[in-house]
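K.L.:
For reference, the file target-v7.csv (CSV, N, CA and C atoms) is included below:
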chain,number,residue,atom,x,y,z
L,1,GLN,N,89.0,167.1,-34.9
L,1,GLN,CA,87.9,166.2,-34.5
L,1,GLN,C,88.1,165.9,-33.0
L,2,VAL,N,87.0,165.9,-32.3
L,2,VAL,CA,87.0,165.6,-30.8
L,2,VAL,C,86.7,164.1,-30.7
L,3,ARG,N,87.5,163.5,-29.8
L,3,ARG,CA,87.4,162.1,-29.5
L,3,ARG,C,87.2,161.9,-28.0
L,4,LEU,N,86.2,161.1,-27.6
L,4,LEU,CA,86.0,160.8,-26.2
L,4,LEU,C,86.2,159.4,-25.9
L,5,VAL,N,86.9,159.1,-24.8
L,5,VAL,CA,87.1,157.7,-24.5
L,5,VAL,C,86.7,157.5,-23.0
L,6,GLU,N,85.8,156.6,-22.8
L,6,GLU,CA,85.4,156.3,-21.4
L,6,GLU,C,86.2,155.1,-20.9
L,7,SER,N,86.3,155.1,-19.5
L,7,SER,CA,87.0,154.0,-18.9
L,7,SER,C,86.4,153.9,-17.4
L,8,GLY,N,86.7,152.8,-16.8
L,8,GLY,CA,86.4,152.7,-15.4
L,8,GLY,C,85.2,151.8,-15.1
L,9,GLY,N,84.5,151.3,-16.1
L,9,GLY,CA,83.4,150.4,-15.9
L,9,GLY,C,83.9,149.0,-15.5
L,10,GLY,N,82.9,148.2,-15.1
L,10,GLY,CA,83.2,146.8,-14.7
L,10,GLY,C,82.1,146.3,-13.9
L,11,LEU,N,82.4,145.2,-13.1
L,11,LEU,CA,81.4,144.5,-12.3
L,11,LEU,C,81.6,144.9,-10.9
L,12,VAL,N,80.5,145.3,-10.2
L,12,VAL,CA,80.6,145.8,-8.8
L,12,VAL,C,79.4,145.2,-8.1
L,13,GLN,N,79.5,145.0,-6.8
L,13,GLN,CA,78.4,144.4,-6.0
L,13,GLN,C,77.4,145.5,-5.6
L,14,SER,N,76.2,145.2,-5.4
L,14,SER,CA,75.2,146.1,-4.9
L,14,SER,C,75.7,146.9,-3.7
L,15,GLY,N,75.5,148.2,-3.7
L,15,GLY,CA,76.0,149.0,-2.6
L,15,GLY,C,77.4,149.5,-2.8
L,16,GLY,N,78.1,149.1,-3.9
L,16,GLY,CA,79.5,149.5,-4.2
L,16,GLY,C,79.6,150.8,-4.9
L,17,SER,N,80.8,151.1,-5.3
L,17,SER,CA,81.1,152.4,-6.0
L,17,SER,C,81.9,152.1,-7.2
L,18,VAL,N,81.8,153.0,-8.2
L,18,VAL,CA,82.6,153.0,-9.4
L,18,VAL,C,82.9,154.4,-9.8
L,19,ARG,N,84.0,154.7,-10.3
L,19,ARG,CA,84.3,156.0,-10.9
L,19,ARG,C,84.6,155.8,-12.4
L,20,LEU,N,83.8,156.5,-13.2
L,20,LEU,CA,84.0,156.5,-14.6
L,20,LEU,C,84.8,157.7,-15.0
L,21,SER,N,85.6,157.5,-16.0
L,21,SER,CA,86.4,158.6,-16.6
L,21,SER,C,86.1,158.8,-18.1
L,22,CYS,N,86.2,160.1,-18.5
L,22,CYS,CA,86.0,160.4,-19.9
L,22,CYS,C,87.1,161.3,-20.3
L,23,ALA,N,88.0,160.8,-21.1
L,23,ALA,CA,89.2,161.5,-21.6
L,23,ALA,C,88.9,162.1,-23.0
L,24,ALA,N,89.1,163.4,-23.1
L,24,ALA,CA,88.8,164.0,-24.4
L,24,ALA,C,90.1,164.4,-25.1
L,25,SER,N,90.1,164.2,-26.4
L,25,SER,CA,91.2,164.7,-27.2
L,25,SER,C,90.6,165.5,-28.3
L,26,GLY,N,91.4,166.4,-28.9
L,26,GLY,CA,90.9,167.4,-29.8
L,26,GLY,C,90.5,168.6,-29.0
L,27,ARG,N,89.9,169.6,-29.7
L,27,ARG,CA,89.6,170.8,-29.0
L,27,ARG,C,88.2,171.4,-29.5
L,28,ILE,N,87.4,171.8,-28.5
L,28,ILE,CA,86.2,172.4,-28.7
L,28,ILE,C,86.4,173.9,-28.4
L,29,ILE,N,86.2,174.8,-29.4
L,29,ILE,CA,86.4,176.2,-29.2
L,29,ILE,C,85.3,176.8,-28.3
L,30,GLY,N,85.7,177.5,-27.3
L,30,GLY,CA,84.7,178.1,-26.4
L,30,GLY,C,84.2,177.1,-25.3
L,31,ASP,N,83.3,177.6,-24.5
L,31,ASP,CA,82.8,176.7,-23.4
L,31,ASP,C,81.9,175.6,-24.0
L,32,TYR,N,81.8,174.5,-23.3
L,32,TYR,CA,81.0,173.4,-23.8
L,32,TYR,C,80.5,172.6,-22.6
L,33,MET,N,79.5,171.7,-22.9
L,33,MET,CA,78.9,170.9,-21.9
L,33,MET,C,79.4,169.5,-22.1
L,34,MET,N,79.7,168.8,-21.0
L,34,MET,CA,80.1,167.4,-21.0
L,34,MET,C,79.0,166.6,-20.2
L,35,GLY,N,78.4,165.6,-20.9
L,35,GLY,CA,77.3,164.9,-20.2
L,35,GLY,C,77.6,163.4,-20.1
L,36,TRP,N,77.0,162.8,-19.1
L,36,TRP,CA,77.0,161.3,-19.0
L,36,TRP,C,75.5,160.8,-19.2
L,37,PHE,N,75.4,159.8,-20.0
L,37,PHE,CA,74.2,159.1,-20.3
L,37,PHE,C,74.3,157.7,-20.0
L,38,ARG,N,73.2,156.9,-19.9
L,38,ARG,CA,73.3,155.5,-19.8
L,38,ARG,C,72.2,154.8,-20.6
L,39,GLN,N,72.5,153.6,-20.9
L,39,GLN,CA,71.5,152.8,-21.7
L,39,GLN,C,71.5,151.4,-21.2
L,40,ALA,N,70.4,151.0,-20.6
L,40,ALA,CA,70.2,149.6,-20.2
L,40,ALA,C,69.6,148.8,-21.3
L,41,PRO,N,69.8,147.5,-21.3
L,41,PRO,CA,69.2,146.7,-22.3
L,41,PRO,C,67.7,146.9,-22.5
L,42,GLY,N,67.3,147.1,-23.8
L,42,GLY,CA,65.9,147.3,-24.1
L,42,GLY,C,65.3,148.6,-23.7
L,43,LYS,N,66.2,149.5,-23.3
L,43,LYS,CA,65.7,150.8,-22.8
L,43,LYS,C,66.3,152.0,-23.6
L,44,GLU,N,65.7,153.1,-23.6
L,44,GLU,CA,66.2,154.3,-24.2
L,44,GLU,C,67.5,154.8,-23.5
L,45,ARG,N,68.3,155.5,-24.2
L,45,ARG,CA,69.5,156.2,-23.6
L,45,ARG,C,68.9,157.3,-22.7
L,46,GLU,N,69.4,157.4,-21.5
L,46,GLU,CA,68.8,158.5,-20.6
L,46,GLU,C,70.0,159.3,-20.0
L,47,PHE,N,69.6,160.5,-19.7
L,47,PHE,CA,70.5,161.5,-19.2
L,47,PHE,C,70.8,161.2,-17.7
L,48,VAL,N,72.1,161.3,-17.3
L,48,VAL,CA,72.5,161.1,-15.9
L,48,VAL,C,73.0,162.4,-15.3
L,49,ALA,N,74.0,163.0,-15.9
L,49,ALA,CA,74.5,164.3,-15.3
L,49,ALA,C,75.3,165.0,-16.4
L,50,ALA,N,75.6,166.3,-16.1
L,50,ALA,CA,76.4,167.1,-17.0
L,50,ALA,C,77.1,168.2,-16.3
L,51,VAL,N,78.2,168.7,-16.9
L,51,VAL,CA,79.0,169.7,-16.3
L,51,VAL,C,79.5,170.6,-17.4
L,52,THR,N,79.5,171.9,-17.1
L,52,THR,CA,80.1,172.9,-18.1
L,52,THR,C,81.6,172.9,-17.9
L,53,ASP,N,82.3,173.1,-19.0
L,53,ASP,CA,83.8,173.0,-18.9
L,53,ASP,C,84.4,174.2,-18.1
L,54,ARG,N,84.0,175.4,-18.3
L,54,ARG,CA,84.7,176.6,-17.7
L,54,ARG,C,84.3,176.8,-16.3
L,55,ALA,N,83.0,176.9,-16.0
L,55,ALA,CA,82.5,177.3,-14.7
L,55,ALA,C,82.4,176.0,-13.8
L,56,GLY,N,82.2,174.9,-14.4
L,56,GLY,CA,82.0,173.7,-13.6
L,56,GLY,C,80.6,173.5,-13.1
L,57,SER,N,79.7,174.2,-13.7
L,57,SER,CA,78.3,174.1,-13.2
L,57,SER,C,77.8,172.7,-13.5
L,58,THR,N,77.1,172.1,-12.5
L,58,THR,CA,76.7,170.7,-12.6
L,58,THR,C,75.2,170.6,-12.7
L,59,PHE,N,74.7,169.5,-13.3
L,59,PHE,CA,73.3,169.3,-13.5
L,59,PHE,C,73.1,167.7,-13.4
L,60,TYR,N,72.0,167.4,-12.7
L,60,TYR,CA,71.8,165.9,-12.5
L,60,TYR,C,70.3,165.6,-12.8
L,61,THR,N,70.1,164.4,-13.2
L,61,THR,CA,68.7,163.9,-13.3
L,61,THR,C,68.2,163.7,-11.9
L,62,ASP,N,66.9,163.7,-11.7
L,62,ASP,CA,66.3,163.7,-10.4
L,62,ASP,C,66.6,162.4,-9.7
L,63,TRP,N,66.6,161.3,-10.4
L,63,TRP,CA,66.8,160.0,-9.7
L,63,TRP,C,68.2,159.7,-9.2
L,64,VAL,N,69.1,160.6,-9.5
L,64,VAL,CA,70.5,160.4,-9.0
L,64,VAL,C,70.5,160.5,-7.5
L,65,LYS,N,69.7,161.4,-7.0
L,65,LYS,CA,69.4,161.5,-5.5
L,65,LYS,C,70.7,161.6,-4.7
L,66,GLY,N,71.7,162.3,-5.2
L,66,GLY,CA,72.9,162.5,-4.4
L,66,GLY,C,73.9,161.3,-4.5
L,67,ARG,N,73.5,160.2,-5.2
L,67,ARG,CA,74.4,159.1,-5.3
L,67,ARG,C,75.6,159.3,-6.2
L,68,PHE,N,75.4,160.1,-7.3
L,68,PHE,CA,76.4,160.3,-8.3
L,68,PHE,C,76.9,161.7,-8.2
L,69,THR,N,78.2,161.8,-8.6
L,69,THR,CA,78.8,163.2,-8.6
L,69,THR,C,79.6,163.3,-9.9
L,70,ILE,N,79.4,164.3,-10.6
L,70,ILE,CA,80.2,164.6,-11.9
L,70,ILE,C,81.2,165.7,-11.5
L,71,SER,N,82.4,165.5,-12.1
L,71,SER,CA,83.5,166.5,-11.8
L,71,SER,C,84.4,166.6,-13.0
L,72,ARG,N,85.3,167.5,-13.0
L,72,ARG,CA,86.2,167.7,-14.1
L,72,ARG,C,87.6,168.0,-13.7
L,73,ASP,N,88.5,167.6,-14.5
L,73,ASP,CA,89.9,167.9,-14.3
L,73,ASP,C,90.4,168.6,-15.6
L,74,ASN,N,90.3,169.9,-15.7
L,74,ASN,CA,90.6,170.6,-17.0
L,74,ASN,C,92.1,170.5,-17.4
L,75,ALA,N,92.9,170.3,-16.4
L,75,ALA,CA,94.3,170.2,-16.7
L,75,ALA,C,94.6,168.9,-17.6
L,76,ASN,N,93.8,167.9,-17.3
L,76,ASN,CA,94.0,166.6,-18.1
L,76,ASN,C,92.9,166.4,-19.1
L,77,ASN,N,92.0,167.4,-19.2
L,77,ASN,CA,90.9,167.3,-20.2
L,77,ASN,C,90.0,166.0,-19.9
L,78,THR,N,89.8,165.8,-18.7
L,78,THR,CA,89.0,164.6,-18.3
L,78,THR,C,87.9,164.9,-17.4
L,79,LYS,N,86.8,164.2,-17.6
L,79,LYS,CA,85.6,164.4,-16.8
L,79,LYS,C,85.3,163.1,-16.1
L,80,TYR,N,84.7,163.1,-14.9
L,80,TYR,CA,84.5,161.9,-14.1
L,80,TYR,C,83.0,161.8,-13.7
L,81,LEU,N,82.6,160.6,-13.4
L,81,LEU,CA,81.3,160.3,-12.8
L,81,LEU,C,81.6,159.3,-11.7
L,82,GLN,N,81.5,159.9,-10.5
L,82,GLN,CA,81.6,159.0,-9.3
L,82,GLN,C,80.2,158.5,-8.9
L,83,MET,N,80.1,157.2,-8.9
L,83,MET,CA,78.8,156.5,-8.6
L,83,MET,C,78.9,155.7,-7.3
L,84,ASN,N,78.1,156.1,-6.4
L,84,ASN,CA,78.0,155.4,-5.1
L,84,ASN,C,76.7,154.7,-4.9
L,85,SER,N,76.7,153.8,-3.9
L,85,SER,CA,75.4,153.1,-3.5
L,85,SER,C,74.8,152.5,-4.8
L,86,LEU,N,75.5,151.8,-5.6
L,86,LEU,CA,75.0,151.3,-6.8
L,86,LEU,C,74.0,150.2,-6.6
L,87,GLN,N,73.0,150.1,-7.4
L,87,GLN,CA,72.0,149.1,-7.3
L,87,GLN,C,72.0,148.3,-8.7
L,88,PRO,N,71.4,147.1,-8.7
L,88,PRO,CA,71.3,146.4,-9.9
L,88,PRO,C,70.6,147.1,-11.1
L,89,GLU,N,69.7,148.0,-10.7
L,89,GLU,CA,69.0,148.8,-11.8
L,89,GLU,C,69.9,149.9,-12.4
L,90,ASP,N,71.1,150.0,-11.8
L,90,ASP,CA,72.1,151.0,-12.4
L,90,ASP,C,72.9,150.3,-13.5
L,91,THR,N,72.7,149.0,-13.7
L,91,THR,CA,73.4,148.3,-14.7
L,91,THR,C,73.1,148.8,-16.1
L,92,ALA,N,74.1,149.2,-16.9
L,92,ALA,CA,73.9,149.8,-18.2
L,92,ALA,C,75.2,150.1,-18.8
L,93,ILE,N,75.2,150.5,-20.1
L,93,ILE,CA,76.4,151.0,-20.7
L,93,ILE,C,76.3,152.5,-20.5
L,94,TYR,N,77.4,153.1,-20.0
L,94,TYR,CA,77.5,154.5,-19.7
L,94,TYR,C,78.3,155.2,-20.8
L,95,TYR,N,77.7,156.3,-21.3
L,95,TYR,CA,78.4,157.0,-22.3
L,95,TYR,C,78.7,158.5,-21.9
L,96,CYS,N,79.8,159.0,-22.3
L,96,CYS,CA,80.0,160.4,-22.1
L,96,CYS,C,79.8,161.1,-23.5
L,97,ALA,N,79.5,162.3,-23.4
L,97,ALA,CA,79.2,163.1,-24.6
L,97,ALA,C,79.6,164.5,-24.4
L,98,ALA,N,79.9,165.2,-25.5
L,98,ALA,CA,80.3,166.6,-25.5
L,98,ALA,C,79.5,167.4,-26.5
L,99,SER,N,79.1,168.6,-26.0
L,99,SER,CA,78.3,169.5,-26.9
L,99,SER,C,79.2,170.8,-27.2
L,100,ARG,N,79.0,171.4,-28.3
L,100,ARG,CA,79.7,172.6,-28.7
L,100,ARG,C,79.1,173.8,-28.1
L,101,THR,N,78.2,173.7,-27.1
L,101,THR,CA,77.6,174.8,-26.4
L,101,THR,C,77.5,174.4,-24.9
L,102,ALA,N,77.5,175.5,-24.1
L,102,ALA,CA,77.3,175.2,-22.7
L,102,ALA,C,76.0,175.8,-22.2
L,103,ALA,N,75.1,176.1,-23.1
L,103,ALA,CA,73.8,176.7,-22.8
L,103,ALA,C,73.0,175.6,-22.0
L,104,TYR,N,72.3,176.0,-20.9
L,104,TYR,CA,71.6,175.1,-20.1
L,104,TYR,C,70.1,175.5,-19.9
L,105,TYR,N,69.6,176.5,-20.6
L,105,TYR,CA,68.2,176.9,-20.4
L,105,TYR,C,67.3,175.9,-21.0
L,106,GLY,N,66.2,175.7,-20.3
L,106,GLY,CA,65.2,174.7,-20.8
L,106,GLY,C,65.7,173.3,-20.6
L,107,ARG,N,66.8,173.1,-19.9
L,107,ARG,CA,67.3,171.7,-19.7
L,107,ARG,C,67.6,171.0,-21.0
L,108,ALA,N,68.0,171.7,-22.0
L,108,ALA,CA,68.3,171.1,-23.3
L,108,ALA,C,69.4,170.0,-23.2
L,109,TYR,N,70.2,170.2,-22.2
L,109,TYR,CA,71.4,169.3,-22.0
L,109,TYR,C,70.9,167.9,-21.6
L,110,THR,N,69.7,167.7,-21.3
L,110,THR,CA,69.2,166.3,-20.9
L,110,THR,C,68.9,165.5,-22.2
L,111,SER,N,68.9,166.2,-23.3
L,111,SER,CA,68.5,165.5,-24.6
L,111,SER,C,69.8,165.0,-25.3
L,112,ARG,N,69.8,163.8,-25.8
L,112,ARG,CA,70.9,163.2,-26.5
L,112,ARG,C,71.2,164.1,-27.7
L,113,HIS,N,70.2,164.7,-28.3
L,113,HIS,CA,70.4,165.5,-29.5
L,113,HIS,C,71.2,166.8,-29.3
L,114,TYR,N,71.3,167.2,-28.0
L,114,TYR,CA,72.1,168.4,-27.7
L,114,TYR,C,73.6,168.2,-27.9
L,115,TYR,N,74.0,166.9,-27.9
L,115,TYR,CA,75.5,166.6,-27.9
L,115,TYR,C,76.0,166.3,-29.3
L,116,ASP,N,77.2,166.7,-29.6
L,116,ASP,CA,77.8,166.6,-30.9
L,116,ASP,C,78.8,165.4,-31.0
L,117,TYR,N,79.3,165.0,-29.8
L,117,TYR,CA,80.4,164.0,-29.8
L,117,TYR,C,80.0,163.0,-28.8
L,118,TRP,N,80.3,161.7,-29.1
L,118,TRP,CA,80.0,160.6,-28.1
L,118,TRP,C,81.2,159.7,-28.0
L,119,GLY,N,81.4,159.1,-26.8
L,119,GLY,CA,82.3,158.0,-26.6
L,119,GLY,C,81.7,156.7,-27.0
L,120,GLN,N,82.5,155.7,-26.9
L,120,GLN,CA,82.0,154.3,-27.3
L,120,GLN,C,81.3,153.6,-26.2
L,121,GLY,N,81.3,154.2,-24.9
L,121,GLY,CA,80.6,153.6,-23.8
L,121,GLY,C,81.4,152.6,-23.0
L,122,THR,N,81.1,152.5,-21.8
L,122,THR,CA,81.7,151.6,-20.9
L,122,THR,C,80.6,150.9,-20.0
L,123,GLN,N,80.7,149.5,-19.9
L,123,GLN,CA,79.7,148.7,-19.3
L,123,GLN,C,79.9,148.8,-17.8
L,124,VAL,N,78.8,149.0,-17.1
L,124,VAL,CA,78.8,148.9,-15.6
L,124,VAL,C,77.7,147.9,-15.3
L,125,THR,N,78.1,146.8,-14.6
L,125,THR,CA,77.2,145.8,-14.1
L,125,THR,C,77.2,145.7,-12.6
L,126,VAL,N,76.0,145.8,-12.0
L,126,VAL,CA,75.9,145.7,-10.6
L,126,VAL,C,75.2,144.4,-10.2
L,127,SER,N,75.9,143.6,-9.5
L,127,SER,CA,75.3,142.3,-9.1
L,127,SER,C,74.6,142.5,-7.7
L,128,SER,N,73.6,141.7,-7.6
L,128,SER,CA,72.8,141.8,-6.3
L,128,SER,C,73.3,140.8,-5.3
Take the structure in the file and write it out as structure tokens.

P.N.:
Amino acid sequence: QVRLVESGGGLVQSGGSVRLSCAASGRIIGDYMMGWFRQAPGKEREFVAAVTDRAGSTFYTDWVKGRFTISRDNANNTKYLQMNSLQPEDTAIYYCAASRTAAYYGRAYTSRHYYDYWGQGTQVTVSS
């Protein structure tokens, strides 16, 4: 069984930065996609970014606009989301997720249904 644990959330001022971590235990056979989603109060969970495990190919939602960077440390089985220039509208619970496939045609990786495993989430609050 694969288990994902997020960390690194907290309270940050507008314009600040936060780095989220997602540590994975267990094993997914073959290549896979690791994604970050977020969910603000009263809103749907939305895609933020994703990275393939082997090649490290990265994918972002349009509104990231260069502020966020997803990366991986395969030696430690950990993925990261570096978030810069944070704004109050970035306040949300951030979730990491893993899929048993690394296919990225049709941008399927932007859908929450693409993923098989989810972490419990970490709260990021940006104060104005």

K.L.:
Kindly indicate which residue among L:Glu46, L:Ala40, L:Ser71, L:Tyr95 lies nearest to Thr58 (chain L), using all atoms listed in the file for the distances.

P.N.:
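Comparing L:Glu46, L:Ala40, L:Ser71, L:Tyr95 against Thr58 (chain L), the winner is L:Ser71.
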
K.L.:
One decimal, Å: what's the distance from atom C of Tyr105 (chain L) over to CA of Arg27 (chain L), could you say?

P.N.:
24.2 Å

K.L.:
Give the answer as one residue: which of L:Ser17, L:Lys65, L:Arg112, L:Ser85 has the shortest atom-to-atom distance to Phe47 (chain L), using only N, CA and C atoms?

P.N.:
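Using only N, CA and C atoms, Phe47 (chain L) sits closest to L:Arg112.
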
K.L.:
Taking the DSSP assignment computed from this structure's backbone, write out as a ChimeraX atom specification all residues of chain L that belong to strand (DSSP E).

P.N.:
/L:3-7,10-13,18-25,33-39,46-52,58-60,68-73,78-83,92-99,117-118,122-127

K.L.:
For CA of Ser25 (chain L) and CA of Asp90 (chain L), quote the distance in Å rounded to one decimal.

P.N.:
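Taking CA of Ser25 (chain L) and CA of Asp90 (chain L), their separation equals 27.8 Å.
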
K.L.:
Between L:Gly30, L:Gln1, L:Val48, L:Gly8, which residue has the minimum interatomic distance to Val124 (chain L), considering only N, CA and C atoms?

P.N.:
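Residue with the minimum atom-to-atom distance to Val124 (chain L): L:Gly8.
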
K.L.:
When you draw a straight line from CA of Arg54 (chain L) to CA of Gln82 (chain L), how long is it in Å?

P.N.:
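Here the two named atoms are 19.7 Å from each other.
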
K.L.:
Need the shell around Asn77 (chain L): protein/DNA/RNA residues with any atom at most 12 Å away, counting only C-alpha atoms. Skip same-chain ones fewer than 2 positions apart. Format as a PyMOL selection string?

P.N.:
chain L and resi 2-5+21-28+34+53-54+71-75+79-80+98

K.L.:
Which residues are near Thr110 (chain L)? Cut-off 10 Å, only C-alpha atoms, ignore same chain within fewer than 2 positions. Put them as a short mmCIF file (atom, residue, chain, number, x, y, z; two decimals) with N, CA and C atoms, in the frame of the given file.

P.N.:
data_model
loop_
_atom_site.label_atom_id
_atom_site.label_comp_id
_atom_site.auth_asym_id
_atom_site.auth_seq_id
_atom_site.Cartn_x
_atom_site.Cartn_y
_atom_site.Cartn_z
N GLY L 35 78.40 165.60 -20.90
CA GLY L 35 77.30 164.90 -20.20
C GLY L 35 77.60 163.40 -20.10
N TRP L 36 77.00 162.80 -19.10
CA TRP L 36 77.00 161.30 -19.00
C TRP L 36 75.50 160.80 -19.20
N PHE L 37 75.40 159.80 -20.00
CA PHE L 37 74.20 159.10 -20.30
C PHE L 37 74.30 157.70 -20.00
N GLU L 46 69.40 157.40 -21.50
CA GLU L 46 68.80 158.50 -20.60
C GLU L 46 70.00 159.30 -20.00
N PHE L 47 69.60 160.50 -19.70
CA PHE L 47 70.50 161.50 -19.20
C PHE L 47 70.80 161.20 -17.70
N VAL L 48 72.10 161.30 -17.30
CA VAL L 48 72.50 161.10 -15.90
C VAL L 48 73.00 162.40 -15.30
N ALA L 49 74.00 163.00 -15.90
CA ALA L 49 74.50 164.30 -15.30
C ALA L 49 75.30 165.00 -16.40
N ALA L 50 75.60 166.30 -16.10
CA ALA L 50 76.40 167.10 -17.00
C ALA L 50 77.10 168.20 -16.30
N PHE L 59 74.70 169.50 -13.30
CA PHE L 59 73.30 169.30 -13.50
C PHE L 59 73.10 167.70 -13.40
N TYR L 60 72.00 167.40 -12.70
CA TYR L 60 71.80 165.90 -12.50
C TYR L 60 70.30 165.60 -12.80
N THR L 61 70.10 164.40 -13.20
CA THR L 61 68.70 163.90 -13.30
C THR L 61 68.20 163.70 -11.90
N TYR L 104 72.30 176.00 -20.90
CA TYR L 104 71.60 175.10 -20.10
C TYR L 104 70.10 175.50 -19.90
N GLY L 106 66.20 175.70 -20.30
CA GLY L 106 65.20 174.70 -20.80
C GLY L 106 65.70 173.30 -20.60
N ARG L 107 66.80 173.10 -19.90
CA ARG L 107 67.30 171.70 -19.70
C ARG L 107 67.60 171.00 -21.00
N ALA L 108 68.00 171.70 -22.00
CA ALA L 108 68.30 171.10 -23.30
C ALA L 108 69.40 170.00 -23.20
N ARG L 112 69.80 163.80 -25.80
CA ARG L 112 70.90 163.20 -26.50
C ARG L 112 71.20 164.10 -27.70
N HIS L 113 70.20 164.70 -28.30
CA HIS L 113 70.40 165.50 -29.50
C HIS L 113 71.20 166.80 -29.30
N TYR L 114 71.30 167.20 -28.00
CA TYR L 114 72.10 168.40 -27.70
C TYR L 114 73.60 168.20 -27.90
N TYR L 115 74.00 166.90 -27.90
CA TYR L 115 75.50 166.60 -27.90
C TYR L 115 76.00 166.30 -29.30
#

K.L.:
For the point (70.8, 151.3, -20.4) in the file's frame, write as a ChimeraX atom specification all residues with an atom no more than 6.5 Å away, counting only N, CA and C atoms.

P.N.:
/L:38-46,91-93

K.L.:
Which of chain L counts as helix (DSSP H, G or I) under DSSP, as a list in words please?

P.N.:
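Filtering chain L down to helix (DSSP H, G or I) leaves Asp62, Trp63, Val64, Pro88, Glu89, Asp90, Tyr105, Gly106, Arg107, Ala108, Tyr109, Thr110, Arg112, His113 and Tyr114 of chain L.
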
K.L.:
I'd like the neighbourhood of Ser128 (chain L) as a JSON list (two decimals) with N, CA and C atoms, in the frame of the given file, where a residue qualifies if any of its atoms comes within 6 Å (using only N, CA and C atoms), though same-chain residues fewer than 2 positions away should be ignored.

P.N.:
[["chain", "number", "residue", "atom", "x", "y", "z"],
["L", 13, "GLN", "N", 79.50, 145.00, -6.80],
["L", 13, "GLN", "CA", 78.40, 144.40, -6.00],
["L", 13, "GLN", "C", 77.40, 145.50, -5.60],
["L", 14, "SER", "N", 76.20, 145.20, -5.40],
["L", 14, "SER", "CA", 75.20, 146.10, -4.90],
["L", 14, "SER", "C", 75.70, 146.90, -3.70],
["L", 88, "PRO", "N", 71.40, 147.10, -8.70],
["L", 88, "PRO", "CA", 71.30, 146.40, -9.90],
["L", 88, "PRO", "C", 70.60, 147.10, -11.10],
["L", 126, "VAL", "N", 76.00, 145.80, -12.00],
["L", 126, "VAL", "CA", 75.90, 145.70, -10.60],
["L", 126, "VAL", "C", 75.20, 144.40, -10.20]]

K.L.:
So that I can see what lies close to region 101-103 of chain L, please list as a list in words the residues with an atom at most 7 Å from it, counting only C-alpha atoms and leaving out residues fewer than 2 positions away in the same chain.

P.N.:
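So, after excluding close chain neighbours, the residues are Asp31, Tyr32, Met33, Thr52, Ser99 and Tyr105 of chain L.
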
K.L.:
Produce a file of the selected residues containing N, CA and C atoms, as an mmCIF file, keeping the file's coordinate frame.

P.N.:
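The result, stored in out_15.cif:
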data_model
loop_
_atom_site.group_PDB
_atom_site.id
_atom_site.type_symbol
_atom_site.label_atom_id
_atom_site.label_comp_id
_atom_site.auth_asym_id
_atom_site.auth_seq_id
_atom_site.Cartn_x
_atom_site.Cartn_y
_atom_site.Cartn_z
ATOM 1 N N ASP L 31 83.300 177.600 -24.500
ATOM 2 C CA ASP L 31 82.800 176.700 -23.400
ATOM 3 C C ASP L 31 81.900 175.600 -24.000
ATOM 4 N N TYR L 32 81.800 174.500 -23.300
ATOM 5 C CA TYR L 32 81.000 173.400 -23.800
ATOM 6 C C TYR L 32 80.500 172.600 -22.600
ATOM 7 N N MET L 33 79.500 171.700 -22.900
ATOM 8 C CA MET L 33 78.900 170.900 -21.900
ATOM 9 C C MET L 33 79.400 169.500 -22.100
ATOM 10 N N THR L 52 79.500 171.900 -17.100
ATOM 11 C CA THR L 52 80.100 172.900 -18.100
ATOM 12 C C THR L 52 81.600 172.900 -17.900
ATOM 13 N N SER L 99 79.100 168.600 -26.000
ATOM 14 C CA SER L 99 78.300 169.500 -26.900
ATOM 15 C C SER L 99 79.200 170.800 -27.200
ATOM 16 N N TYR L 105 69.600 176.500 -20.600
ATOM 17 C CA TYR L 105 68.200 176.900 -20.400
ATOM 18 C C TYR L 105 67.300 175.900 -21.000
#

K.L.:
For the point (79.9, 154.8, -2.1) in file coordinates, what residues are within 10 Å, counting only C-alpha atoms? Give the answer as a PyMOL selection string?

P.N.:
chain L and resi 15-19+67-68+82-86

K.L.:
Pick the closest to Thr69 (chain L) from L:Leu81, L:Tyr109, L:Gly10, L:Ser127: which is it, counting all atoms listed in the file?

P.N.:
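Using all atoms listed in the file, the shortest distance to Thr69 (chain L) belongs to L:Leu81.
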
K.L.:
Missing atoms in region 63-68 of chain L should be modelled up to N, CA, C and O atoms and reported as a PDB file, in the frame of the given file.

P.N.:
ATOM      1  N   TRP L  63      66.600 161.300 -10.400  1.00  0.00           N
ATOM      2  CA  TRP L  63      66.800 160.000  -9.700  1.00  0.00           C
ATOM      3  C   TRP L  63      68.200 159.700  -9.200  1.00  0.00           C
ATOM      4  O   TRP L  63      68.412 158.719  -8.521  1.00  0.00           O
ATOM      5  N   VAL L  64      69.100 160.600  -9.500  1.00  0.00           N
ATOM      6  CA  VAL L  64      70.500 160.400  -9.000  1.00  0.00           C
ATOM      7  C   VAL L  64      70.500 160.500  -7.500  1.00  0.00           C
ATOM      8  O   VAL L  64      71.189 159.760  -6.793  1.00  0.00           O
ATOM      9  N   LYS L  65      69.700 161.400  -7.000  1.00  0.00           N
ATOM     10  CA  LYS L  65      69.400 161.500  -5.500  1.00  0.00           C
ATOM     11  C   LYS L  65      70.700 161.600  -4.700  1.00  0.00           C
ATOM     12  O   LYS L  65      70.797 160.912  -3.668  1.00  0.00           O
ATOM     13  N   GLY L  66      71.700 162.300  -5.200  1.00  0.00           N
ATOM     14  CA  GLY L  66      72.900 162.500  -4.400  1.00  0.00           C
ATOM     15  C   GLY L  66      73.900 161.300  -4.500  1.00  0.00           C
ATOM     16  O   GLY L  66      74.929 161.324  -3.844  1.00  0.00           O
ATOM     17  N   ARG L  67      73.500 160.200  -5.200  1.00  0.00           N
ATOM     18  CA  ARG L  67      74.400 159.100  -5.300  1.00  0.00           C
ATOM     19  C   ARG L  67      75.600 159.300  -6.200  1.00  0.00           C
ATOM     20  O   ARG L  67      76.661 158.720  -6.042  1.00  0.00           O
ATOM     21  N   PHE L  68      75.400 160.100  -7.300  1.00  0.00           N
ATOM     22  CA  PHE L  68      76.400 160.300  -8.300  1.00  0.00           C
ATOM     23  C   PHE L  68      76.900 161.700  -8.200  1.00  0.00           C
ATOM     24  O   PHE L  68      76.179 162.637  -7.928  1.00  0.00           O
TER      25      PHE L  68
END
